[in-house]
file final_9.pdb (PDB, C-alpha atoms, pLDDT in the B column)
MODEL        1
ATOM      1  CA  MET A 671      -7.137   2.499  -6.571  1.00 96.00           C
ATOM      2  CA  LYS A 672      -4.397  -0.027  -7.097  1.00 97.00           C
ATOM      3  CA  ARG A 673      -2.061  -2.046  -4.921  1.00 98.00           C
ATOM      4  CA  ILE A 674       1.534  -2.832  -5.840  1.00 98.00           C
ATOM      5  CA  GLU A 675       3.828  -5.351  -4.159  1.00 98.00           C
ATOM      6  CA  LEU A 676       7.403  -4.162  -4.419  1.00 98.00           C
ATOM      7  CA  SER A 677       8.496  -7.689  -3.486  1.00 98.00           C
ATOM      8  CA  GLU A 678       7.227  -8.616  -6.974  1.00 98.00           C
ATOM      9  CA  THR A 679       9.479  -6.087  -8.738  1.00 98.00           C
ATOM     10  CA  ARG A 680      12.746  -7.174  -7.105  1.00 98.00           C
ATOM     11  CA  GLU A 681      14.515  -7.764 -10.400  1.00 97.00           C
ATOM     12  CA  PHE A 682      18.080  -6.829 -11.168  1.00 98.00           C
ATOM     13  CA  SER A 683      19.726  -6.450 -14.566  1.00 95.00           C
ATOM     14  CA  PRO A 684      23.278  -7.591 -15.271  1.00 91.00           C
ATOM     15  CA  LEU A 685      23.632  -4.290 -17.116  1.00 90.00           C
ATOM     16  CA  GLY A 686      23.360  -2.404 -13.836  1.00 96.00           C
ATOM     17  CA  MET A 687      19.953  -0.765 -13.530  1.00 97.00           C
ATOM     18  CA  LYS A 688      16.470  -2.191 -13.872  1.00 98.00           C
ATOM     19  CA  THR A 689      13.628   0.314 -14.289  1.00 98.00           C
ATOM     20  CA  ILE A 690      10.047  -0.577 -13.371  1.00 98.00           C
ATOM     21  CA  LEU A 691       7.329   2.016 -13.906  1.00 98.00           C
ATOM     22  CA  LEU A 692       4.901   1.582 -11.023  1.00 98.00           C
ATOM     23  CA  HIS A 693       2.475   4.410 -11.746  1.00 98.00           C
ATOM     24  CA  ASP A 694       2.009   7.291 -14.145  1.00 98.00           C
ATOM     25  CA  SER A 695      -0.813   9.795 -13.975  1.00 98.00           C
ATOM     26  CA  ALA A 696      -1.444  13.500 -14.374  1.00 97.00           C
ATOM     27  CA  HIS A 697      -0.457  13.917 -10.712  1.00 98.00           C
ATOM     28  CA  PHE A 698       2.772  11.984 -10.246  1.00 98.00           C
ATOM     29  CA  LYS A 699       4.989   9.300 -11.661  1.00 98.00           C
ATOM     30  CA  ILE A 700       6.377   6.534  -9.432  1.00 98.00           C
ATOM     31  CA  ILE A 701       9.300   4.393 -10.566  1.00 98.00           C
ATOM     32  CA  ASN A 702      11.213   1.574  -8.901  1.00 98.00           C
ATOM     33  CA  PHE A 703      14.883   1.431  -9.900  1.00 98.00           C
ATOM     34  CA  ASN A 704      16.910  -1.615  -8.845  1.00 98.00           C
ATOM     35  CA  LEU A 705      20.661  -1.084  -9.029  1.00 98.00           C
ATOM     36  CA  LYS A 706      23.288  -3.781  -8.919  1.00 98.00           C
ATOM     37  CA  ALA A 707      26.187  -3.170  -6.541  1.00 98.00           C
ATOM     38  CA  ASN A 708      28.435  -0.444  -7.982  1.00 98.00           C
ATOM     39  CA  ALA A 709      25.841   0.620 -10.566  1.00 98.00           C
ATOM     40  CA  LEU A 710      25.492   4.319 -11.261  1.00 97.00           C
ATOM     41  CA  PHE A 711      22.309   6.316 -11.853  1.00 97.00           C
ATOM     42  CA  PRO A 712      24.153   9.253 -13.397  1.00 96.00           C
ATOM     43  CA  ILE A 713      23.647  12.800 -12.205  1.00 97.00           C
ATOM     44  CA  HIS A 714      21.090  14.586 -14.326  1.00 97.00           C
ATOM     45  CA  SER A 715      18.483  17.356 -14.151  1.00 97.00           C
ATOM     46  CA  HIS A 716      15.670  18.763 -16.245  1.00 96.00           C
ATOM     47  CA  ASP A 717      14.789  22.407 -16.791  1.00 96.00           C
ATOM     48  CA  LEU A 718      11.257  21.916 -15.477  1.00 96.00           C
ATOM     49  CA  ASP A 719       9.297  22.912 -12.410  1.00 97.00           C
ATOM     50  CA  GLY A 720       8.604  20.152  -9.931  1.00 98.00           C
ATOM     51  CA  GLN A 721      10.225  18.006  -7.301  1.00 98.00           C
ATOM     52  CA  LEU A 722      11.082  14.371  -6.770  1.00 98.00           C
ATOM     53  CA  SER A 723      11.681  12.108  -3.823  1.00 98.00           C
ATOM     54  CA  ILE A 724      14.070   9.154  -3.804  1.00 98.00           C
ATOM     55  CA  LEU A 725      13.427   6.602  -1.048  1.00 98.00           C
ATOM     56  CA  VAL A 726      15.921   3.784  -0.493  1.00 98.00           C
ATOM     57  CA  ILE A 727      13.939   0.622   0.274  1.00 98.00           C
ATOM     58  CA  GLU A 728      16.870  -1.805   0.277  1.00 98.00           C
ATOM     59  CA  GLY A 729      20.648  -1.697   0.290  1.00 98.00           C
ATOM     60  CA  GLU A 730      23.152   1.070   0.542  1.00 98.00           C
ATOM     61  CA  GLY A 731      24.751   3.647  -1.677  1.00 98.00           C
ATOM     62  CA  LEU A 732      25.218   7.360  -2.115  1.00 98.00           C
ATOM     63  CA  PHE A 733      22.974  10.195  -3.215  1.00 98.00           C
ATOM     64  CA  LEU A 734      24.866  12.321  -5.726  1.00 98.00           C
ATOM     65  CA  ALA A 735      24.511  16.070  -6.089  1.00 97.00           C
ATOM     66  CA  ASP A 736      26.139  18.985  -7.835  1.00 96.00           C
ATOM     67  CA  ASN A 737      29.869  19.674  -7.467  1.00 95.00           C
ATOM     68  CA  GLU A 738      30.619  16.026  -6.694  1.00 94.00           C
ATOM     69  CA  ALA A 739      28.778  16.226  -3.369  1.00 97.00           C
ATOM     70  CA  THR A 740      27.631  12.878  -1.959  1.00 98.00           C
ATOM     71  CA  MET A 741      25.307  11.901   0.894  1.00 98.00           C
ATOM     72  CA  PRO A 742      24.733   8.496   2.500  1.00 98.00           C
ATOM     73  CA  ALA A 743      21.783   6.625   0.953  1.00 98.00           C
ATOM     74  CA  ARG A 744      20.872   3.707   3.198  1.00 98.00           C
ATOM     75  CA  THR A 745      17.596   1.831   3.552  1.00 98.00           C
ATOM     76  CA  GLY A 746      15.084   4.323   4.935  1.00 98.00           C
ATOM     77  CA  ASP A 747      16.932   7.385   3.671  1.00 98.00           C
ATOM     78  CA  MET A 748      15.071   9.814   1.424  1.00 98.00           C
ATOM     79  CA  LEU A 749      16.349  12.588  -0.806  1.00 98.00           C
ATOM     80  CA  ILE A 750      14.037  15.380  -1.918  1.00 98.00           C
ATOM     81  CA  SER A 751      15.216  17.492  -4.826  1.00 98.00           C
ATOM     82  CA  ASP A 752      13.939  19.986  -7.321  1.00 98.00           C
ATOM     83  CA  ILE A 753      13.788  18.446 -10.782  1.00 98.00           C
ATOM     84  CA  ARG A 754      16.108  21.285 -11.836  1.00 98.00           C
ATOM     85  CA  GLU A 755      18.778  20.331  -9.300  1.00 98.00           C
ATOM     86  CA  PRO A 756      21.375  17.800 -10.426  1.00 98.00           C
ATOM     87  CA  HIS A 757      20.713  14.471  -8.662  1.00 98.00           C
ATOM     88  CA  GLY A 758      21.856  10.888  -8.999  1.00 98.00           C
ATOM     89  CA  VAL A 759      22.509   7.646  -7.113  1.00 98.00           C
ATOM     90  CA  LYS A 760      25.527   5.353  -6.815  1.00 98.00           C
ATOM     91  CA  ALA A 761      24.932   1.860  -5.472  1.00 98.00           C
ATOM     92  CA  ILE A 762      27.444   0.310  -3.089  1.00 98.00           C
ATOM     93  CA  THR A 763      25.494  -2.898  -2.443  1.00 98.00           C
ATOM     94  CA  ASP A 764      22.573  -4.121  -4.548  1.00 98.00           C
ATOM     95  CA  MET A 765      20.105  -1.331  -3.949  1.00 98.00           C
ATOM     96  CA  ARG A 766      16.438  -0.578  -4.553  1.00 98.00           C
ATOM     97  CA  ILE A 767      14.926   2.897  -4.715  1.00 98.00           C
ATOM     98  CA  VAL A 768      11.442   4.306  -5.256  1.00 98.00           C
ATOM     99  CA  VAL A 769      11.338   7.645  -7.069  1.00 98.00           C
ATOM    100  CA  THR A 770       8.218   9.837  -7.043  1.00 98.00           C
ATOM    101  CA  ILE A 771       8.104  12.770  -9.478  1.00 98.00           C
ATOM    102  CA  ALA A 772       5.474  15.519  -9.218  1.00 98.00           C
ATOM    103  CA  PRO A 773       4.291  16.710 -11.578  1.00 97.00           C
ATOM    104  CA  PRO A 774       5.251  13.748 -13.773  1.00 95.00           C
ATOM    105  CA  ILE A 775       7.921  14.244 -16.447  1.00 88.00           C
TER     106      ILE A 775
ATOM    107  CA  MET B 868      17.698  19.437  -1.852  1.00 96.00           C
ATOM    108  CA  LYS B 869      17.308  17.774   1.491  1.00 97.00           C
ATOM    109  CA  ARG B 870      17.980  14.353   2.962  1.00 98.00           C
ATOM    110  CA  ILE B 871      15.746  12.685   5.534  1.00 98.00           C
ATOM    111  CA  GLU B 872      16.557   9.599   7.611  1.00 98.00           C
ATOM    112  CA  LEU B 873      13.372   7.695   8.344  1.00 98.00           C
ATOM    113  CA  SER B 874      15.287   5.817  11.036  1.00 98.00           C
ATOM    114  CA  GLU B 875      15.212   9.140  12.911  1.00 98.00           C
ATOM    115  CA  THR B 876      11.405   9.414  12.796  1.00 98.00           C
ATOM    116  CA  ARG B 877      10.652   5.954  14.192  1.00 98.00           C
ATOM    117  CA  GLU B 878       8.488   7.268  17.020  1.00 97.00           C
ATOM    118  CA  PHE B 879       5.253   5.725  18.186  1.00 98.00           C
ATOM    119  CA  SER B 880       2.521   7.332  20.253  1.00 95.00           C
ATOM    120  CA  PRO B 881       0.634   5.470  22.985  1.00 91.00           C
ATOM    121  CA  LEU B 882      -2.470   7.120  21.504  1.00 90.00           C
ATOM    122  CA  GLY B 883      -2.082   5.042  18.343  1.00 96.00           C
ATOM    123  CA  MET B 884      -0.789   7.189  15.504  1.00 97.00           C
ATOM    124  CA  LYS B 885       2.222   9.446  15.285  1.00 98.00           C
ATOM    125  CA  THR B 886       2.320  11.914  12.373  1.00 98.00           C
ATOM    126  CA  ILE B 887       5.597  13.351  11.099  1.00 98.00           C
ATOM    127  CA  LEU B 888       5.502  15.842   8.230  1.00 98.00           C
ATOM    128  CA  LEU B 889       8.580  15.111   6.130  1.00 98.00           C
ATOM    129  CA  HIS B 890       8.052  17.589   3.310  1.00 98.00           C
ATOM    130  CA  ASP B 891       5.522  20.107   2.076  1.00 98.00           C
ATOM    131  CA  SER B 892       5.838  22.112  -1.107  1.00 98.00           C
ATOM    132  CA  ALA B 893       3.740  23.329  -4.014  1.00 97.00           C
ATOM    133  CA  HIS B 894       4.384  19.965  -5.699  1.00 98.00           C
ATOM    134  CA  PHE B 895       3.712  17.296  -3.083  1.00 98.00           C
ATOM    135  CA  LYS B 896       3.375  16.614   0.584  1.00 98.00           C
ATOM    136  CA  ILE B 897       5.167  13.654   2.197  1.00 98.00           C
ATOM    137  CA  ILE B 898       4.131  12.381   5.625  1.00 98.00           C
ATOM    138  CA  ASN B 899       5.381   9.500   7.765  1.00 98.00           C
ATOM    139  CA  PHE B 900       2.664   7.929   9.919  1.00 98.00           C
ATOM    140  CA  ASN B 901       3.712   5.420  12.583  1.00 98.00           C
ATOM    141  CA  LEU B 902       0.849   3.264  13.855  1.00 98.00           C
ATOM    142  CA  LYS B 903       0.902   1.150  16.978  1.00 98.00           C
ATOM    143  CA  ALA B 904      -0.354  -2.421  16.559  1.00 98.00           C
ATOM    144  CA  ASN B 905      -4.150  -2.362  16.141  1.00 97.00           C
ATOM    145  CA  ALA B 906      -4.225   1.391  15.498  1.00 98.00           C
ATOM    146  CA  LEU B 907      -6.636   2.658  12.871  1.00 97.00           C
ATOM    147  CA  PHE B 908      -6.080   5.393  10.294  1.00 97.00           C
ATOM    148  CA  PRO B 909      -9.788   5.820   9.579  1.00 96.00           C
ATOM    149  CA  ILE B 910     -11.189   5.727   6.081  1.00 97.00           C
ATOM    150  CA  HIS B 911     -11.559   9.209   4.659  1.00 97.00           C
ATOM    151  CA  SER B 912     -11.539  11.089   1.369  1.00 97.00           C
ATOM    152  CA  HIS B 913     -11.502  14.662   0.121  1.00 96.00           C
ATOM    153  CA  ASP B 914     -13.457  16.138  -2.755  1.00 96.00           C
ATOM    154  CA  LEU B 915     -10.295  17.292  -4.514  1.00 96.00           C
ATOM    155  CA  ASP B 916      -8.351  16.331  -7.613  1.00 97.00           C
ATOM    156  CA  GLY B 917      -5.123  14.507  -7.000  1.00 98.00           C
ATOM    157  CA  GLN B 918      -3.681  11.188  -5.971  1.00 98.00           C
ATOM    158  CA  LEU B 919      -1.723   9.740  -3.092  1.00 98.00           C
ATOM    159  CA  SER B 920       0.578   6.797  -2.548  1.00 98.00           C
ATOM    160  CA  ILE B 921       0.899   4.868   0.699  1.00 98.00           C
ATOM    161  CA  LEU B 922       4.090   2.806   1.026  1.00 98.00           C
ATOM    162  CA  VAL B 923       4.482   0.421   3.956  1.00 98.00           C
ATOM    163  CA  ILE B 924       8.097   0.655   5.146  1.00 98.00           C
ATOM    164  CA  GLU B 925       7.717  -1.546   8.247  1.00 98.00           C
ATOM    165  CA  GLY B 926       5.205  -3.912   9.750  1.00 98.00           C
ATOM    166  CA  GLU B 927       1.944  -5.320   8.577  1.00 98.00           C
ATOM    167  CA  GLY B 928      -1.669  -4.275   8.387  1.00 98.00           C
ATOM    168  CA  LEU B 929      -4.502  -3.712   5.948  1.00 98.00           C
ATOM    169  CA  PHE B 930      -5.296  -1.070   3.388  1.00 98.00           C
ATOM    170  CA  LEU B 931      -8.939  -0.041   3.793  1.00 98.00           C
ATOM    171  CA  ALA B 932     -11.236   0.969   0.958  1.00 97.00           C
ATOM    172  CA  ASP B 933     -14.881   1.682   0.287  1.00 96.00           C
ATOM    173  CA  ASN B 934     -17.586  -0.859   1.170  1.00 95.00           C
ATOM    174  CA  GLU B 935     -15.418  -2.433   3.884  1.00 94.00           C
ATOM    175  CA  ALA B 936     -12.936  -3.776   1.323  1.00 97.00           C
ATOM    176  CA  THR B 937      -9.483  -4.595   2.685  1.00 98.00           C
ATOM    177  CA  MET B 938      -6.160  -5.443   1.054  1.00 98.00           C
ATOM    178  CA  PRO B 939      -2.956  -6.769   2.623  1.00 98.00           C
ATOM    179  CA  ALA B 940      -0.504  -4.000   3.570  1.00 98.00           C
ATOM    180  CA  ARG B 941       2.883  -5.531   4.307  1.00 98.00           C
ATOM    181  CA  THR B 942       6.359  -4.005   4.181  1.00 98.00           C
ATOM    182  CA  GLY B 943       6.993  -3.115   0.541  1.00 98.00           C
ATOM    183  CA  ASP B 944       3.317  -2.893  -0.398  1.00 98.00           C
ATOM    184  CA  MET B 945       2.046   0.334  -1.941  1.00 98.00           C
ATOM    185  CA  LEU B 946      -1.482   1.610  -2.423  1.00 98.00           C
ATOM    186  CA  ILE B 947      -2.219   4.309  -4.994  1.00 98.00           C
ATOM    187  CA  SER B 948      -5.540   6.070  -4.670  1.00 98.00           C
ATOM    188  CA  ASP B 949      -7.353   9.129  -5.895  1.00 98.00           C
ATOM    189  CA  ILE B 950      -7.757  11.642  -3.083  1.00 98.00           C
ATOM    190  CA  ARG B 951     -11.489  11.379  -3.764  1.00 98.00           C
ATOM    191  CA  GLU B 952     -11.564   7.617  -3.149  1.00 98.00           C
ATOM    192  CA  PRO B 953     -12.116   6.496   0.436  1.00 98.00           C
ATOM    193  CA  HIS B 954      -8.857   5.102   1.830  1.00 98.00           C
ATOM    194  CA  GLY B 955      -7.469   4.145   5.222  1.00 98.00           C
ATOM    195  CA  VAL B 956      -5.057   1.848   7.033  1.00 98.00           C
ATOM    196  CA  LYS B 957      -5.430  -0.605   9.917  1.00 98.00           C
ATOM    197  CA  ALA B 958      -2.260  -1.743  11.677  1.00 98.00           C
ATOM    198  CA  ILE B 959      -1.907  -5.361  12.748  1.00 98.00           C
ATOM    199  CA  THR B 960       1.658  -5.076  14.049  1.00 98.00           C
ATOM    200  CA  ASP B 961       3.436  -1.795  14.778  1.00 98.00           C
ATOM    201  CA  MET B 962       3.537  -0.293  11.318  1.00 98.00           C
ATOM    202  CA  ARG B 963       5.186   2.582   9.486  1.00 98.00           C
ATOM    203  CA  ILE B 964       3.897   4.145   6.269  1.00 98.00           C
ATOM    204  CA  VAL B 965       5.044   6.952   3.995  1.00 98.00           C
ATOM    205  CA  VAL B 966       2.238   8.881   2.292  1.00 98.00           C
ATOM    206  CA  THR B 967       2.890  11.123  -0.711  1.00 98.00           C
ATOM    207  CA  ILE B 968       0.082  13.463  -1.813  1.00 98.00           C
ATOM    208  CA  ALA B 969       0.165  15.302  -5.156  1.00 98.00           C
ATOM    209  CA  PRO B 970      -0.815  18.008  -5.394  1.00 97.00           C
ATOM    210  CA  PRO B 971      -0.513  18.665  -1.650  1.00 95.00           C
ATOM    211  CA  ILE B 972      -3.683  19.087   0.376  1.00 88.00           C
TER     212      ILE B 972
ENDMDL
END
call {"tool": "encode", "arguments": {"input": "final_9.pdb", "output": "C-alpha cells"}}
result
Amino acid sequence: MKRIELSETREFSPLGMKTILLHDSAHFKIINFNLKANALFPIHSHDLDGQLSILVIEGEGLFLADNEATMPARTGDMLISDIREPHGVKAITDMRIVVTIAPPI
Amino acid sequence: MKRIELSETREFSPLGMKTILLHDSAHFKIINFNLKANALFPIHSHDLDGQLSILVIEGEGLFLADNEATMPARTGDMLISDIREPHGVKAITDMRIVVTIAPPI
C-alpha cells in the first residue's frame, strides 16, 4: 500500500512534457504527464492487448484520435482507449493528466 | 475508445455513497464513488491477485487501512493497494474518488 500526493509532482518542463512514473507493477502502470500549454503528446499506439485511461486532473486540451479526430479534454474528462488504438493529447493550457495502463507496457 | 465527463457523474446520495460504473472490461474496472460528508466506504479486501488505485478528485477525507491506520485523502491524493490488503475511505467533506481495479473484480 502506498500513498501519492499529485500536488508533489506538479512539475513542468520547458521542453513541453514532464513524465513522472507513479506506479509500476504486474497489474498496471500509472504515469503522471504534465504538459506545458501547447505541448503535444503525439498520437501513438502499440500492437498489444490492453487498455488505458487518461484522466485530466488540471487544465484543458484535446484528446487526439485516429483520422485527426479530436475531443475536448478538460479537468475531469477521461478517455478510455485500447492500447492498439491511436491516442494522444494536445495541451491548450498547462495541463496535467494521469494515465493508467493495464496490463502495464 | 470512449470519453467520459466526470462533471456529468457528480451525483450524491442521501444514503451516503453513490456508485457510478465508468468502465468495465477484461483489463480493468473504473468506478466513480461520490461520498457525502461523513460517509464511510468500509474497510474491505478480497482474496484475489490484483491491485487498485483510489484517486481523490474532489473533497477531503481519510484513506483507511488495516489496524485502524488512516492517511490523509485530499484532492489529488492517490492510494495504491493490493486487492488483498484491507482498504477503505472515510469522507470528511463531500468527496469524489475514482477507483481503478486491475484485473477487474
call {"tool": "interface_residues", "arguments": {"input": "final_9.pdb", "of": "chain B", "to": "chain A", "cutoff": "7 Å", "atoms": "only C-alpha atoms", "output": "ChimeraX atom specification"}}
result
/B:868-874,894-895,917-918,943-949,969-970
call {"tool": "resolve_selection", "arguments": {"input": "final_9.pdb", "expression": "the PyMOL selection byres ((chain A and resi 686) around 12)", "output": "number ranges by chain"}}
result
A: 681-685, 687-689, 703-712, 760-766
call {"tool": "atom_distance", "arguments": {"input": "final_9.pdb", "atom1": "CA of Ser912 (chain B)", "atom2": "CA of Arg951 (chain B)"}}
result
5.1 Å
call {"tool": "closest_residue", "arguments": {"input": "final_9.pdb", "among": "B:Val956, B:Leu929, B:Leu915, B:Ile964", "to": "Leu888 (chain B)", "atoms": "only C-alpha atoms"}}
result
B:Ile964
call {"tool": "decode", "arguments": {"input": "final_9.pdb", "residues": "region 897-921 of chain B", "atoms": "N, CA, C and O atoms", "output": "PDB file, in the first residue's frame"}}
result
ATOM      1  N   ILE B 897     -13.297   0.655 -13.785  1.00  0.00           N
ATOM      2  CA  ILE B 897     -13.133   2.018 -13.273  1.00  0.00           C
ATOM      3  C   ILE B 897     -14.477   2.480 -12.721  1.00  0.00           C
ATOM      4  O   ILE B 897     -15.492   2.432 -13.423  1.00  0.00           O
ATOM      5  N   ILE B 898     -14.470   2.892 -11.456  1.00  0.00           N
ATOM      6  CA  ILE B 898     -15.708   3.263 -10.770  1.00  0.00           C
ATOM      7  C   ILE B 898     -15.531   4.636 -10.125  1.00  0.00           C
ATOM      8  O   ILE B 898     -14.499   4.911  -9.512  1.00  0.00           O
ATOM      9  N   ASN B 899     -16.529   5.473 -10.251  1.00  0.00           N
ATOM     10  CA  ASN B 899     -16.585   6.745  -9.524  1.00  0.00           C
ATOM     11  C   ASN B 899     -17.514   6.560  -8.318  1.00  0.00           C
ATOM     12  O   ASN B 899     -18.677   6.192  -8.493  1.00  0.00           O
ATOM     13  N   PHE B 900     -16.972   6.784  -7.129  1.00  0.00           N
ATOM     14  CA  PHE B 900     -17.785   6.799  -5.912  1.00  0.00           C
ATOM     15  C   PHE B 900     -17.869   8.240  -5.416  1.00  0.00           C
ATOM     16  O   PHE B 900     -16.836   8.920  -5.292  1.00  0.00           O
ATOM     17  N   ASN B 901     -19.070   8.696  -5.146  1.00  0.00           N
ATOM     18  CA  ASN B 901     -19.279  10.030  -4.566  1.00  0.00           C
ATOM     19  C   ASN B 901     -19.819   9.850  -3.149  1.00  0.00           C
ATOM     20  O   ASN B 901     -20.875   9.243  -2.950  1.00  0.00           O
ATOM     21  N   LEU B 902     -19.067  10.362  -2.186  1.00  0.00           N
ATOM     22  CA  LEU B 902     -19.430  10.171  -0.768  1.00  0.00           C
ATOM     23  C   LEU B 902     -19.890  11.497  -0.172  1.00  0.00           C
ATOM     24  O   LEU B 902     -19.210  12.521  -0.315  1.00  0.00           O
ATOM     25  N   LYS B 903     -21.016  11.460   0.499  1.00  0.00           N
ATOM     26  CA  LYS B 903     -21.449  12.623   1.267  1.00  0.00           C
ATOM     27  C   LYS B 903     -20.486  12.823   2.443  1.00  0.00           C
ATOM     28  O   LYS B 903     -19.857  11.882   2.924  1.00  0.00           O
ATOM     29  N   ALA B 904     -20.393  14.059   2.924  1.00  0.00           N
ATOM     30  CA  ALA B 904     -19.574  14.323   4.113  1.00  0.00           C
ATOM     31  C   ALA B 904     -19.928  13.314   5.203  1.00  0.00           C
ATOM     32  O   ALA B 904     -21.110  13.011   5.427  1.00  0.00           O
ATOM     33  N   ASN B 905     -18.888  12.776   5.825  1.00  0.00           N
ATOM     34  CA  ASN B 905     -19.012  11.793   6.917  1.00  0.00           C
ATOM     35  C   ASN B 905     -19.377  10.377   6.464  1.00  0.00           C
ATOM     36  O   ASN B 905     -19.448   9.478   7.302  1.00  0.00           O
ATOM     37  N   ALA B 906     -19.589  10.185   5.176  1.00  0.00           N
ATOM     38  CA  ALA B 906     -19.917   8.830   4.703  1.00  0.00           C
ATOM     39  C   ALA B 906     -18.682   7.931   4.799  1.00  0.00           C
ATOM     40  O   ALA B 906     -17.537   8.394   4.719  1.00  0.00           O
ATOM     41  N   LEU B 907     -18.944   6.662   4.950  1.00  0.00           N
ATOM     42  CA  LEU B 907     -17.888   5.662   5.119  1.00  0.00           C
ATOM     43  C   LEU B 907     -17.955   4.639   3.987  1.00  0.00           C
ATOM     44  O   LEU B 907     -19.017   4.073   3.709  1.00  0.00           O
ATOM     45  N   PHE B 908     -16.819   4.429   3.338  1.00  0.00           N
ATOM     46  CA  PHE B 908     -16.650   3.292   2.421  1.00  0.00           C
ATOM     47  C   PHE B 908     -15.885   2.270   3.268  1.00  0.00           C
ATOM     48  O   PHE B 908     -14.670   2.371   3.433  1.00  0.00           O
ATOM     49  N   PRO B 909     -16.586   1.293   3.820  1.00  0.00           N
ATOM     50  CA  PRO B 909     -15.968   0.465   4.867  1.00  0.00           C
ATOM     51  C   PRO B 909     -14.729  -0.292   4.378  1.00  0.00           C
ATOM     52  O   PRO B 909     -14.620  -0.643   3.212  1.00  0.00           O
ATOM     53  N   ILE B 910     -13.849  -0.529   5.292  1.00  0.00           N
ATOM     54  CA  ILE B 910     -12.653  -1.326   5.004  1.00  0.00           C
ATOM     55  C   ILE B 910     -13.078  -2.720   4.543  1.00  0.00           C
ATOM     56  O   ILE B 910     -13.959  -3.333   5.133  1.00  0.00           O
ATOM     57  N   HIS B 911     -12.431  -3.160   3.474  1.00  0.00           N
ATOM     58  CA  HIS B 911     -12.721  -4.494   2.945  1.00  0.00           C
ATOM     59  C   HIS B 911     -11.496  -4.971   2.175  1.00  0.00           C
ATOM     60  O   HIS B 911     -10.568  -4.196   1.903  1.00  0.00           O
ATOM     61  N   SER B 912     -11.509  -6.228   1.791  1.00  0.00           N
ATOM     62  CA  SER B 912     -10.460  -6.777   0.935  1.00  0.00           C
ATOM     63  C   SER B 912     -11.018  -8.033   0.285  1.00  0.00           C
ATOM     64  O   SER B 912     -12.083  -8.526   0.684  1.00  0.00           O
ATOM     65  N   HIS B 913     -10.326  -8.493  -0.748  1.00  0.00           N
ATOM     66  CA  HIS B 913     -10.745  -9.708  -1.442  1.00  0.00           C
ATOM     67  C   HIS B 913      -9.518 -10.593  -1.600  1.00  0.00           C
ATOM     68  O   HIS B 913      -8.431 -10.089  -1.881  1.00  0.00           O
ATOM     69  N   ASP B 914      -9.723 -11.880  -1.471  1.00  0.00           N
ATOM     70  CA  ASP B 914      -8.596 -12.813  -1.569  1.00  0.00           C
ATOM     71  C   ASP B 914      -8.310 -13.129  -3.037  1.00  0.00           C
ATOM     72  O   ASP B 914      -8.508 -14.247  -3.511  1.00  0.00           O
ATOM     73  N   LEU B 915      -7.863 -12.079  -3.745  1.00  0.00           N
ATOM     74  CA  LEU B 915      -7.615 -12.174  -5.181  1.00  0.00           C
ATOM     75  C   LEU B 915      -6.342 -11.417  -5.520  1.00  0.00           C
ATOM     76  O   LEU B 915      -6.026 -10.407  -4.887  1.00  0.00           O
ATOM     77  N   ASP B 916      -5.637 -11.902  -6.541  1.00  0.00           N
ATOM     78  CA  ASP B 916      -4.499 -11.131  -7.054  1.00  0.00           C
ATOM     79  C   ASP B 916      -4.992  -9.854  -7.704  1.00  0.00           C
ATOM     80  O   ASP B 916      -6.096  -9.808  -8.235  1.00  0.00           O
ATOM     81  N   GLY B 917      -4.154  -8.850  -7.695  1.00  0.00           N
ATOM     82  CA  GLY B 917      -4.504  -7.614  -8.377  1.00  0.00           C
ATOM     83  C   GLY B 917      -4.274  -6.416  -7.487  1.00  0.00           C
ATOM     84  O   GLY B 917      -3.979  -6.557  -6.294  1.00  0.00           O
ATOM     85  N   GLN B 918      -4.379  -5.251  -8.094  1.00  0.00           N
ATOM     86  CA  GLN B 918      -4.200  -4.005  -7.357  1.00  0.00           C
ATOM     87  C   GLN B 918      -5.285  -3.013  -7.767  1.00  0.00           C
ATOM     88  O   GLN B 918      -5.962  -3.179  -8.785  1.00  0.00           O
ATOM     89  N   LEU B 919      -5.417  -1.992  -6.947  1.00  0.00           N
ATOM     90  CA  LEU B 919      -6.362  -0.918  -7.248  1.00  0.00           C
ATOM     91  C   LEU B 919      -5.722   0.414  -6.902  1.00  0.00           C
ATOM     92  O   LEU B 919      -4.832   0.501  -6.040  1.00  0.00           O
ATOM     93  N   SER B 920      -6.179   1.445  -7.607  1.00  0.00           N
ATOM     94  CA  SER B 920      -5.809   2.816  -7.246  1.00  0.00           C
ATOM     95  C   SER B 920      -7.067   3.570  -6.866  1.00  0.00           C
ATOM     96  O   SER B 920      -8.145   3.308  -7.419  1.00  0.00           O
ATOM     97  N   ILE B 921      -6.934   4.453  -5.903  1.00  0.00           N
ATOM     98  CA  ILE B 921      -8.029   5.335  -5.488  1.00  0.00           C
ATOM     99  C   ILE B 921      -7.524   6.760  -5.626  1.00  0.00           C
ATOM    100  O   ILE B 921      -6.602   7.160  -4.906  1.00  0.00           O
TER     101      ILE B 921
END
